[in-house]
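Shown next: my_file_9.txt, containing compact mmCIF, C-alpha atoms.
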# COMPACT_ATOMS: atom_id res chain seq x y z
CA MET A 1001 20.43 -13.12 -21.33
CA SER A 1002 21.04 -10.96 -24.36
CA ILE A 1003 24.34 -11.60 -26.11
CA ALA A 1004 24.06 -8.52 -28.27
CA ARG A 1005 25.45 -6.14 -25.65
CA PRO A 1006 29.15 -5.69 -26.26
CA GLU A 1007 29.67 -3.89 -23.00
CA ILE A 1008 28.33 -6.85 -21.04
CA ALA A 1009 30.47 -9.31 -22.96
CA GLN A 1010 33.49 -7.08 -22.52
CA ALA A 1011 32.93 -6.68 -18.83
CA ASN A 1012 32.94 -10.43 -18.44
CA GLN A 1013 36.57 -10.47 -19.46
CA SER A 1014 37.22 -9.02 -16.07
CA ALA A 1015 40.95 -9.61 -16.01
CA GLN A 1016 41.62 -6.63 -18.22
CA TYR A 1017 39.54 -4.42 -15.93
CA ASN A 1018 41.54 -5.23 -12.87
CA CYS A 1019 42.17 -1.66 -11.84
CA SER A 1020 44.57 -2.32 -9.05
CA PRO A 1021 48.15 -2.89 -10.13
CA VAL A 1022 48.83 -4.79 -6.91
CA LYS A 1023 46.13 -7.42 -7.09
CA GLY A 1024 46.61 -10.17 -9.61
CA SER A 1025 43.27 -11.86 -9.21
CA HIS A 1026 41.13 -12.81 -12.18
CA MET A 1027 37.98 -11.85 -10.35
CA ALA A 1028 36.69 -8.33 -10.91
CA ASP A 1029 38.54 -6.11 -8.46
CA THR A 1030 36.04 -4.64 -6.04
CA SER A 1031 38.46 -3.03 -3.66
CA GLU A 1032 37.56 0.45 -2.50
CA GLU A 1033 40.14 1.97 -4.82
CA ALA A 1034 38.91 0.02 -7.83
CA LEU A 1035 35.29 0.99 -7.27
CA ALA A 1036 36.24 4.64 -6.92
CA SER A 1037 38.27 4.52 -10.13
CA LEU A 1038 35.34 2.98 -11.97
CA ILE A 1039 33.01 5.76 -10.93
CA VAL A 1040 35.54 8.35 -12.03
CA LYS A 1041 35.72 6.57 -15.41
CA ILE A 1042 31.94 6.67 -15.73
CA GLY A 1043 31.98 10.40 -15.03
CA MET A 1044 34.84 11.27 -17.34
CA ASP A 1045 34.38 8.86 -20.25
CA ARG A 1046 30.76 7.70 -20.08
CA ASP A 1047 32.29 4.25 -19.81
CA ARG A 1048 29.51 1.64 -19.97
CA VAL A 1049 31.82 -1.24 -19.18
CA ALA A 1050 32.82 0.48 -15.94
CA PHE A 1051 29.15 1.12 -15.26
CA ALA A 1052 28.32 -2.56 -15.74
CA GLN A 1053 30.97 -3.49 -13.14
CA ILE A 1054 29.70 -0.94 -10.65
CA PHE A 1055 26.19 -2.19 -11.28
CA ARG A 1056 27.12 -5.80 -10.59
CA HIS A 1057 28.73 -4.84 -7.32
CA PHE A 1058 26.07 -2.53 -5.89
CA ALA A 1059 22.75 -3.72 -7.34
CA PRO A 1060 22.31 -6.73 -5.03
CA ARG A 1061 23.33 -4.65 -2.02
CA ILE A 1062 20.91 -1.86 -2.88
CA LYS A 1063 18.13 -4.39 -3.30
CA GLY A 1064 18.91 -5.77 0.15
CA PHE A 1065 18.81 -2.26 1.56
CA GLY A 1066 15.45 -1.64 -0.08
CA LEU A 1067 13.99 -4.94 1.07
CA LYS A 1068 14.78 -4.30 4.71
CA GLN A 1069 12.58 -1.24 4.55
CA SER A 1070 9.68 -2.73 2.66
CA SER A 1071 8.97 -6.31 1.74
CA ASP A 1072 7.90 -5.14 -1.71
CA GLY A 1073 10.40 -6.77 -4.06
CA ALA A 1074 9.26 -4.73 -7.03
CA LEU A 1075 9.76 -1.49 -5.14
CA ALA A 1076 13.21 -2.62 -4.02
CA GLU A 1077 14.13 -3.37 -7.62
CA GLU A 1078 12.85 0.05 -8.66
CA LEU A 1079 15.18 1.48 -6.01
CA VAL A 1080 18.08 -0.38 -7.64
CA GLN A 1081 17.29 0.94 -11.10
CA GLU A 1082 16.69 4.53 -10.02
CA THR A 1083 19.83 4.57 -7.88
CA MET A 1084 22.04 3.18 -10.61
CA LEU A 1085 20.60 5.59 -13.18
CA ALA A 1086 21.40 8.44 -10.81
CA VAL A 1087 24.92 7.04 -10.40
CA TRP A 1088 25.34 7.20 -14.18
CA ARG A 1089 23.98 10.74 -14.41
CA SER A 1090 25.88 12.26 -11.52
CA ALA A 1091 29.17 10.32 -11.74
CA LYS A 1092 30.91 13.54 -12.81
CA THR A 1093 30.19 15.01 -9.37
CA TYR A 1094 31.87 12.13 -7.51
CA ASP A 1095 34.99 13.29 -5.68
CA SER A 1096 37.20 10.38 -4.72
CA ALA A 1097 39.18 12.65 -2.41
CA ARG A 1098 36.08 13.27 -0.34
CA SER A 1099 34.32 9.92 0.03
CA SER A 1100 34.57 6.26 -0.83
CA ALA A 1101 32.51 4.85 -3.70
CA ALA A 1102 30.20 2.96 -1.34
CA THR A 1103 29.54 6.08 0.73
CA TRP A 1104 28.71 8.09 -2.38
CA VAL A 1105 26.42 5.38 -3.78
CA PHE A 1106 24.81 5.06 -0.36
CA THR A 1107 23.88 8.76 -0.28
CA ILE A 1108 22.29 8.49 -3.72
CA CYS A 1109 20.42 5.35 -2.66
CA ARG A 1110 19.27 7.01 0.55
CA ASN A 1111 17.85 10.01 -1.32
CA LYS A 1112 16.11 7.79 -3.86
CA ARG A 1113 14.62 5.68 -1.07
CA ILE A 1114 13.13 8.81 0.51
CA ASP A 1115 11.75 9.78 -2.91
CA LEU A 1116 10.34 6.39 -3.90
CA PHE A 1117 9.19 4.93 -0.58
CA ARG A 1118 7.93 8.10 1.08
CA ARG A 1119 7.37 10.45 -1.86
CA ARG A 1120 9.42 13.10 -0.05
CA SER A 1121 12.58 15.00 -0.77
CA ARG A 1122 15.52 15.25 1.56
CA ALA A 1123 16.29 18.74 2.85
CA GLU A 1124 19.92 19.57 2.06
CA PRO A 1125 22.14 22.26 3.57
CA ASP A 1126 22.86 25.24 1.33
CA GLN A 1127 25.84 24.72 -0.93
CA ALA A 1128 26.89 28.36 -0.98
CA ASP A 1129 26.81 28.78 2.79
CA GLN A 1130 29.39 26.10 3.37
CA GLU A 1131 32.50 28.18 2.91
CA TRP A 1132 34.63 25.68 4.76
CA GLU A 1133 33.91 23.03 2.13
CA SER A 1134 35.57 24.99 -0.63
CA GLU A 1135 38.96 24.56 0.98
CA PRO A 1136 40.89 21.68 -0.56
CA THR A 1137 40.38 18.79 1.77
CA GLN A 1138 43.36 17.21 3.43
CA HIS A 1139 42.01 13.87 2.44
CA ARG A 1140 43.51 12.36 -0.60
CA PHE A 1141 42.28 9.34 -2.46
CA ALA A 1142 44.44 6.82 -0.59
CA GLU A 1143 43.44 8.23 2.78
CA VAL A 1144 39.76 8.01 1.94
CA SER A 1145 40.10 4.32 1.08
CA ALA A 1146 42.13 3.58 4.22
CA ASP A 1147 39.61 5.46 6.37
CA PHE A 1148 36.77 3.53 4.86
CA ARG A 1149 38.43 0.19 5.53
CA ARG A 1150 39.06 1.26 9.08
CA THR A 1151 35.38 2.21 9.49
CA ARG A 1152 34.31 -1.22 8.35
CA LYS A 1153 36.67 -2.91 10.78
CA LEU A 1154 35.51 -0.70 13.66
CA MET A 1155 31.93 -1.60 12.93
CA ASN A 1156 32.74 -5.29 13.01
CA ASP A 1157 34.35 -4.77 16.40
CA LEU A 1158 31.38 -2.99 17.99
CA PRO A 1159 29.58 -4.78 20.83
CA LYS A 1160 26.66 -6.66 19.37
CA GLU A 1161 24.03 -4.68 21.27
CA GLN A 1162 25.35 -1.47 19.71
CA SER A 1163 25.77 -2.75 16.17
CA GLN A 1164 22.29 -4.23 16.35
CA VAL A 1165 20.50 -0.93 17.07
CA LEU A 1166 22.73 0.88 14.59
CA ALA A 1167 21.85 -1.59 11.85
CA MET A 1168 18.15 -1.51 12.74
CA SER A 1169 17.91 2.25 12.63
CA PHE A 1170 19.91 2.29 9.41
CA LEU A 1171 18.12 -0.41 7.48
CA GLU A 1172 14.60 -0.21 8.73
CA GLU A 1173 14.00 3.56 8.95
CA LYS A 1174 12.27 2.98 12.24
CA PRO A 1175 12.12 5.83 14.67
CA HIS A 1176 13.94 5.08 17.90
CA ARG A 1177 10.73 4.48 19.78
CA GLU A 1178 9.74 1.67 17.43
CA ILE A 1179 13.12 0.01 17.79
CA ALA A 1180 12.70 0.29 21.56
CA ALA A 1181 9.28 -1.35 21.38
CA GLN A 1182 10.56 -4.11 19.14
CA LEU A 1183 13.52 -4.92 21.39
CA GLY A 1184 11.62 -4.41 24.62
CA LEU A 1185 13.99 -1.68 25.75
CA PRO A 1186 13.49 1.82 27.17
CA LEU A 1187 13.71 4.55 24.53
CA GLY A 1188 16.64 6.13 26.38
CA THR A 1189 18.59 2.87 26.14
CA VAL A 1190 18.18 2.71 22.37
CA LYS A 1191 19.32 6.32 21.96
CA SER A 1192 22.30 5.87 24.24
CA ARG A 1193 23.40 2.68 22.47
CA ILE A 1194 23.33 4.49 19.15
CA ARG A 1195 25.25 7.40 20.67
CA LEU A 1196 27.81 5.03 22.19
CA ALA A 1197 28.27 3.24 18.87
CA LEU A 1198 28.73 6.53 17.02
CA THR A 1199 31.20 7.80 19.64
CA THR A 1200 33.23 4.58 19.44
CA LEU A 1201 33.30 4.82 15.67
CA ARG A 1202 34.18 8.50 15.68
CA GLN A 1203 37.04 8.00 18.12
CA GLY A 1204 38.34 5.10 16.08
CA MET A 1205 38.17 7.16 12.92
CA GLU A 1206 40.17 10.07 14.24
CA MET B 404 29.31 33.84 13.62
CA SER B 405 29.75 30.68 15.61
CA VAL B 406 27.01 28.33 16.57
CA HIS B 407 26.74 27.18 20.19
CA HIS B 408 23.72 24.92 20.37
CA HIS B 409 23.69 21.70 18.36
CA PRO B 410 21.50 18.69 17.68
CA GLU B 411 22.59 15.49 19.38
CA SER B 412 24.30 12.67 17.52
CA SER B 413 21.35 10.27 17.43
CA ILE B 414 19.19 12.71 15.45
CA LEU B 415 22.07 13.56 13.10
CA TRP B 416 22.48 9.81 12.54
CA GLU B 417 18.82 9.53 11.59
CA TYR B 418 19.27 12.46 9.20
CA ALA B 419 22.38 10.89 7.63
CA THR B 420 20.57 7.59 7.08
CA GLY B 421 17.41 9.19 5.69
CA SER B 422 15.17 8.24 8.61
CA VAL B 423 13.89 11.61 9.85
CA PRO B 424 10.49 13.01 8.94
CA GLU B 425 10.81 15.82 6.41
CA PRO B 426 10.16 18.67 8.91
CA ILE B 427 13.02 17.47 11.13
CA GLY B 428 15.27 17.11 8.09
CA LEU B 429 14.51 20.74 7.24
CA VAL B 430 15.55 22.19 10.62
CA LEU B 431 18.66 20.00 10.64
CA ALA B 432 19.67 21.11 7.14
CA LEU B 433 19.21 24.73 8.18
CA HIS B 434 21.53 24.15 11.16
CA LEU B 435 24.10 22.25 9.08
CA SER B 436 24.54 25.18 6.69
CA HIS B 437 26.11 27.04 9.63
CA CYS B 438 27.92 24.22 11.40
CA PRO B 439 31.12 22.58 10.17
CA ALA B 440 31.29 20.25 13.18
CA CYS B 441 27.83 18.75 12.69
CA SER B 442 28.37 18.63 8.92
CA ALA B 443 31.55 16.62 9.54
CA ALA B 444 29.60 14.31 11.84
CA VAL B 445 26.98 13.73 9.14
CA ALA B 446 29.75 12.97 6.64
CA ARG B 447 31.17 10.36 9.06
CA TYR B 448 27.73 8.84 9.54
CA GLU B 449 27.28 8.65 5.76
CA GLU B 450 30.58 6.77 5.68
CA ILE B 451 29.15 4.32 8.20
CA GLY B 452 26.12 4.07 5.93
CA GLY B 453 28.42 3.24 3.03
CA ALA B 454 30.09 0.56 5.11
CA LEU B 455 26.72 -0.94 6.07
CA LEU B 456 25.71 -0.95 2.42
CA GLU B 457 28.98 -2.52 1.36
CA ASP B 458 28.71 -5.30 3.92
CA ALA B 459 25.02 -5.97 3.32
CA VAL B 460 24.57 -9.57 2.24
CA PRO B 461 23.75 -9.36 -1.46
CA THR B 462 20.18 -10.38 -2.17
CA HIS B 463 19.22 -12.63 -5.00
CA LEU B 464 18.70 -10.51 -8.05
CA ASP B 465 18.77 -11.24 -11.76
CA VAL B 466 21.63 -8.84 -12.21
CA GLU B 467 22.30 -9.32 -15.91
CA ASP B 468 18.64 -8.95 -16.76
CA MET B 469 18.28 -5.74 -14.82
CA LEU B 470 21.60 -4.43 -16.11
CA GLY B 471 20.31 -4.85 -19.64
CA ASP B 472 17.17 -2.85 -18.78
CA VAL B 473 19.16 -0.09 -17.14
CA LEU B 474 21.64 0.18 -20.01
CA ASN B 475 18.67 0.79 -22.28
CA ARG B 476 17.59 3.65 -20.06
CA LEU B 477 20.87 5.52 -19.79
CA ASN B 478 19.82 8.09 -22.36
CA GLU B 479 16.51 8.89 -20.66
CA PRO B 480 15.93 12.49 -19.62
CA ASP B 481 16.48 13.05 -15.96
CA ASN B 482 13.45 13.67 -13.70
CA LYS B 483 15.47 15.57 -11.17
CA LEU B 484 14.84 15.32 -7.47
CA LEU B 485 14.77 18.50 -5.49
CA SER B 486 18.50 18.98 -5.19
CA ALA B 487 20.61 21.10 -2.92
CA ALA B 488 20.10 24.74 -3.66
CA ALA B 489 21.90 27.88 -2.72
CA ALA B 490 20.36 30.61 -0.61
CA ASP B 491 18.38 33.07 -2.71
CA LEU B 492 19.15 36.77 -3.17
CA ASP B 493 17.36 37.66 0.07
CA GLY B 494 19.38 35.13 2.01
CA VAL B 495 16.52 32.63 2.41
CA PRO B 496 18.11 29.16 2.62
CA GLY B 497 17.42 26.92 -0.38
CA ALA B 498 15.96 24.06 1.65
CA LEU B 499 13.39 26.49 3.06
CA SER B 500 12.50 28.51 -0.05
CA GLN B 501 11.94 25.24 -1.97
CA ARG B 502 9.24 24.40 0.56
CA LEU B 503 7.37 27.70 0.60
CA PRO B 504 4.27 28.37 -1.52
CA THR B 505 5.33 31.98 -2.22
CA PRO B 506 8.54 33.99 -1.95
CA PHE B 507 9.44 34.51 1.70
CA SER B 508 8.57 38.22 1.60
CA GLU B 509 5.01 37.42 0.48
CA LEU B 510 4.10 34.85 3.12
CA PRO B 511 0.72 35.33 4.82
CA TRP B 512 1.85 35.38 8.45
CA LYS B 513 -0.82 34.58 11.08
CA ARG B 514 -0.79 36.45 14.36
CA VAL B 515 -0.49 34.13 17.35
CA SER B 516 -0.12 36.66 20.14
CA ARG B 517 1.27 40.17 20.56
CA GLY B 518 4.48 40.41 18.58
CA VAL B 519 4.41 36.73 17.59
CA SER B 520 3.24 35.38 14.26
CA GLU B 521 3.65 32.13 12.40
CA PHE B 522 3.32 30.44 9.04
CA ARG B 523 2.72 26.71 8.85
CA LEU B 524 4.61 24.84 6.15
CA ALA B 525 2.82 22.12 4.19
CA ILE B 526 5.35 19.35 4.87
CA ASP B 527 3.70 17.42 7.71
CA GLU B 528 5.02 13.91 8.12
CA ASP B 529 4.54 11.25 10.78
CA GLY B 530 2.80 13.65 13.14
CA HIS B 531 5.50 16.34 12.77
CA VAL B 532 4.48 19.88 11.89
CA ALA B 533 6.83 22.71 10.80
CA LYS B 534 6.16 26.41 11.29
CA LEU B 535 8.03 29.58 10.54
CA ILE B 536 7.89 31.73 13.67
CA ARG B 537 8.46 35.47 13.72
CA ILE B 538 9.00 37.24 17.02
CA GLU B 539 9.24 41.03 16.88
CA ALA B 540 12.19 42.61 18.71
CA SER B 541 11.69 42.35 22.49
CA ALA B 542 8.41 40.46 22.11
CA ILE B 543 7.83 37.52 24.42
CA VAL B 544 6.33 34.19 23.43
CA PRO B 545 3.56 33.32 25.96
CA ARG B 546 4.77 30.92 28.63
CA HIS B 547 4.19 27.33 27.56
CA THR B 548 5.39 23.76 27.70
CA HIS B 549 5.25 20.96 25.17
CA ARG B 550 3.27 17.78 25.15
CA GLY B 551 5.79 16.24 22.77
CA GLU B 552 9.07 17.66 21.52
CA GLU B 553 9.92 20.89 19.77
CA PHE B 554 13.00 21.34 17.55
CA THR B 555 13.86 24.93 16.63
CA VAL B 556 16.52 26.48 14.41
CA VAL B 557 17.17 30.23 14.37
CA LEU B 558 17.35 31.80 10.92
CA LYS B 559 17.64 35.49 11.81
CA GLY B 560 18.03 37.55 14.94
CA GLY B 561 18.00 35.69 18.23
CA PHE B 562 16.09 34.80 21.35
CA ARG B 563 16.84 34.27 25.00
CA ASP B 564 15.37 31.22 26.75
CA GLY B 565 16.07 31.37 30.45
CA GLU B 566 19.83 31.81 30.60
CA LYS B 567 20.57 30.49 27.13
CA MET B 568 21.05 32.69 24.09
CA TYR B 569 20.14 31.36 20.67
CA ARG B 570 21.32 33.04 17.47
CA GLY B 571 21.49 32.28 13.74
CA GLY B 572 22.15 28.59 13.11
CA ASP B 573 21.58 27.53 16.73
CA PHE B 574 19.45 24.44 17.30
CA ALA B 575 17.15 24.17 20.34
CA VAL B 576 15.15 21.24 21.72
CA ALA B 577 12.29 21.56 24.22
CA ASP B 578 9.94 18.95 25.68
CA SER B 579 7.48 18.46 28.51
CA THR B 580 10.19 19.01 31.12
CA VAL B 581 10.65 22.57 29.88
CA GLN B 582 8.43 25.56 30.71
CA HIS B 583 9.52 28.62 28.81
CA ASN B 584 8.65 32.02 27.39
CA PRO B 585 11.40 32.90 24.88
CA VAL B 586 12.17 36.60 24.35
CA ALA B 587 13.43 38.02 21.06
CA THR B 588 16.71 39.87 21.57
CA GLY B 589 18.45 42.41 19.36
CA ALA B 590 16.97 45.07 17.13
CA GLU B 591 15.55 42.85 14.39
CA PRO B 592 12.65 40.43 14.48
CA CYS B 593 13.72 36.89 15.29
CA ILE B 594 12.81 34.35 12.60
CA CYS B 595 12.92 30.62 13.38
CA VAL B 596 11.66 27.35 12.04
CA ALA B 597 10.05 25.23 14.76
CA VAL B 598 8.98 21.60 14.41
CA THR B 599 6.59 19.98 16.89
CA ASN B 600 5.14 16.48 17.14
CA ALA B 601 2.37 17.38 19.61
CA PRO B 602 0.51 20.55 20.58
CA LEU B 603 1.90 23.25 22.86
CA LYS B 604 0.37 23.69 26.28
CA LEU B 605 -0.07 27.33 27.23
CA LEU B 606 0.59 28.10 30.86
CA THR B 607 -0.74 31.66 31.18
CA PRO B 608 -4.15 32.16 32.84
CA LEU B 609 -5.61 33.47 29.58
CA GLY B 610 -3.87 30.66 27.77
CA ARG B 611 -5.75 28.04 29.74
CA ILE B 612 -8.97 29.42 28.30
CA VAL B 613 -7.75 30.15 24.82
CA GLU B 614 -5.47 27.18 24.30
CA PRO B 615 -8.03 24.48 23.57
CA LEU B 616 -9.30 26.72 20.77
CA LEU B 617 -5.79 27.34 19.46
CA ARG B 618 -5.04 23.66 19.61
CA LEU B 619 -8.00 22.92 17.42
CA ARG B 620 -6.78 25.45 14.91
CA ASN B 621 -3.03 24.87 14.96
CA HIS B 622 -2.23 21.24 15.33
CA ARG B 623 -4.57 19.27 13.13

Starting from the coordinates I provided, produce the structure as structure tokens.
Amino acid sequence: MSIARPEIAQANQSAQYNCSPVKGSHMADTSEEALASLIVKIGMDRDRVAFAQIFRHFAPRIKGFGLKQSSDGALAEELVQETMLAVWRSAKTYDSARSSAATWVFTICRNKRIDLFRRRSRAEPDQADQEWESEPTQHRFAEVSADFRRTRKLMNDLPKEQSQVLAMSFLEEKPHREIAAQLGLPLGTVKSRIRLALTTLRQGME
Amino acid sequence: MSVHHHPESSILWEYATGSVPEPIGLVLALHLSHCPACSAAVARYEEIGGALLEDAVPTHLDVEDMLGDVLNRLNEPDNKLLSAAAADLDGVPGALSQRLPTPFSELPWKRVSRGVSEFRLAIDEDGHVAKLIRIEASAIVPRHTHRGEEFTVVLKGGFRDGEKMYRGGDFAVADSTVQHNPVATGAEPCICVAVTNAPLKLLTPLGRIVEPLLRLRNHR
């Protein structure tokens, strides 16, 4: 490991980068609020220390996400690099009042996975057409973090048969009919389990 | 203008997680531009995606090594992905105009039947084919069914299918249980994008003769 990178050495003194005034831990704070604050710092100040912390948190997770889709470790690592570079470049566009850090990083990772693994681009809705988006959202930063925590808890509480198909369709990019074949289930059952899971989560999130 | 016909949640989930073939993503994006409810659903599904990413068991990775490499690359120029675009001056949605070989007004439409013409987009993926369909006012699409599924979004004008009315932004699904001959309503031509994953099956007497020839031409 290179010792000539001051930002790496600095980031290792994680106590001073404990962003949450409530937590007193000496470990790097990776709460939802802390991660969101770090991304804001990257966007506003080009803060490489903040970037290093975000990197340490998400890189292993992104690699895992990439590996589920393809067993190609090199491709999964390319996904990590390209995602994190895009995080650096577009951090200014992150709106902590609209989504959690993990959600925002996920959308970048998803788009890069489509680009790298399938050589395609994701079709996006028109920005200008979405007049309702320009209204200030009711969500504020604290609400976004609380909502996100609640989503994670709701997912843990899903019946296993529902969380299983949800995770499979999420991680493995398999069309529903392939999931059905793999699990030995009718196609309709797979679709309805996903719908049930999404309904449960939506009702819990309201 | 409110939208009445929507995609179901399982296909929006696949869109949110990046699992749909590109043609399906296109028709969904075209619907989402007009639909706050489905857009909110996609945002919730992206949040679930974030939660799944957050709780993914971290894989072994030489983090410091890779971090060093990435820090060296932070000043690289950006090879931008096709990003979200606004509709152009003629009102053609960005996701569509980005995928056309010429400006919309210069497309070489192909006549399919009286009053109906189409242009096939070059974004086939996983057996899915996308076509722009243009139905002149009051023209009728020949009666047909589908061997697979058809996903349609209305861009301009509207059509009636049985008792259902479809207008700008509406999303329609048809499959082998459906036999239909949609009629363009209103004074303007109806313009749609339609995605199929198998050939149509014409049900008119002439169609039974002509269709095998059309199938050879249209769905290869």

Counting all atoms listed in the file, note down every residue that has an atom within 6 Å of the point (7.9, 19.9, 15.4) (file coordinates), as a short mmCIF file (atom, residue, chain, number, x, y, z; two decimals) with C-alpha atoms, in the coordinates of the input.
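Okay, this is what ended up in part_32.cif:
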data_model
loop_
_atom_site.label_atom_id
_atom_site.label_comp_id
_atom_site.auth_asym_id
_atom_site.auth_seq_id
_atom_site.Cartn_x
_atom_site.Cartn_y
_atom_site.Cartn_z
CA HIS B 531 5.50 16.34 12.77
CA VAL B 532 4.48 19.88 11.89
CA ALA B 533 6.83 22.71 10.80
CA GLU B 553 9.92 20.89 19.77
CA PHE B 554 13.00 21.34 17.55
CA ALA B 597 10.05 25.23 14.76
CA VAL B 598 8.98 21.60 14.41
CA THR B 599 6.59 19.98 16.89
CA ASN B 600 5.14 16.48 17.14
#

Residue contacts of Ser413 of chain B (12 Å, all atoms listed in the file) excluding same-chain residues fewer than 3 positions away, as an MDAnalysis selection string: (chainID A and resid 1165:1166 1169:1170 1175:1176 1187:1199) or (chainID B and resid 409:410 416:420 422:423 441 444:445 448)

Create the file for the chosen residues now, containing C-alpha atoms and written as a short mmCIF file (atom, residue, chain, number, x, y, z; two decimals), in the frame of the given file.
data_model
loop_
_atom_site.label_atom_id
_atom_site.label_comp_id
_atom_site.auth_asym_id
_atom_site.auth_seq_id
_atom_site.Cartn_x
_atom_site.Cartn_y
_atom_site.Cartn_z
CA VAL A 1165 20.50 -0.93 17.07
CA LEU A 1166 22.73 0.88 14.59
CA SER A 1169 17.91 2.25 12.63
CA PHE A 1170 19.91 2.29 9.41
CA PRO A 1175 12.12 5.83 14.67
CA HIS A 1176 13.94 5.08 17.90
CA LEU A 1187 13.71 4.55 24.53
CA GLY A 1188 16.64 6.13 26.38
CA THR A 1189 18.59 2.87 26.14
CA VAL A 1190 18.18 2.71 22.37
CA LYS A 1191 19.32 6.32 21.96
CA SER A 1192 22.30 5.87 24.24
CA ARG A 1193 23.40 2.68 22.47
CA ILE A 1194 23.33 4.49 19.15
CA ARG A 1195 25.25 7.40 20.67
CA LEU A 1196 27.81 5.03 22.19
CA ALA A 1197 28.27 3.24 18.87
CA LEU A 1198 28.73 6.53 17.02
CA THR A 1199 31.20 7.80 19.64
CA HIS B 409 23.69 21.70 18.36
CA PRO B 410 21.50 18.69 17.68
CA TRP B 416 22.48 9.81 12.54
CA GLU B 417 18.82 9.53 11.59
CA TYR B 418 19.27 12.46 9.20
CA ALA B 419 22.38 10.89 7.63
CA THR B 420 20.57 7.59 7.08
CA SER B 422 15.17 8.24 8.61
CA VAL B 423 13.89 11.61 9.85
CA CYS B 441 27.83 18.75 12.69
CA ALA B 444 29.60 14.31 11.84
CA VAL B 445 26.98 13.73 9.14
CA TYR B 448 27.73 8.84 9.54
#

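Compared by their closest atoms to chain B, and using all atoms listed in the file, the residues A:Arg1122, A:Glu1143, A:Ser1090, A:Arg1177 rank with A:Arg1122 nearest.
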
Could you give me, as a list of chain:residue names, the residues within 12 Å of Ile1114 of chain A, counting all atoms listed in the file and dropping anything in the same chain fewer than 6 positions from it?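 Residues near the query, excluding close chain neighbours: A:Gly1066, A:Gln1069, A:Leu1079, A:Glu1082, A:Thr1083, A:Thr1107, A:Ile1108, A:Arg1120, A:Ser1121, A:Arg1122, A:Ala1123, A:Glu1173, B:Tyr418, B:Ala419, B:Thr420, B:Gly421, B:Ser422, B:Val423, B:Pro424, B:Glu425, B:Gly428, B:Leu484, B:Leu485.
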
Could you tell me how far atom CA of Asn478 of chain B sits from atom CA of Leu456 of chain B, in Å to one decimal place?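 Interatomic distance here is 27.0 Å.
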
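Atom CA of Val586 of chain B sits 22.1 Å away from atom CA of Ala601 of chain B.
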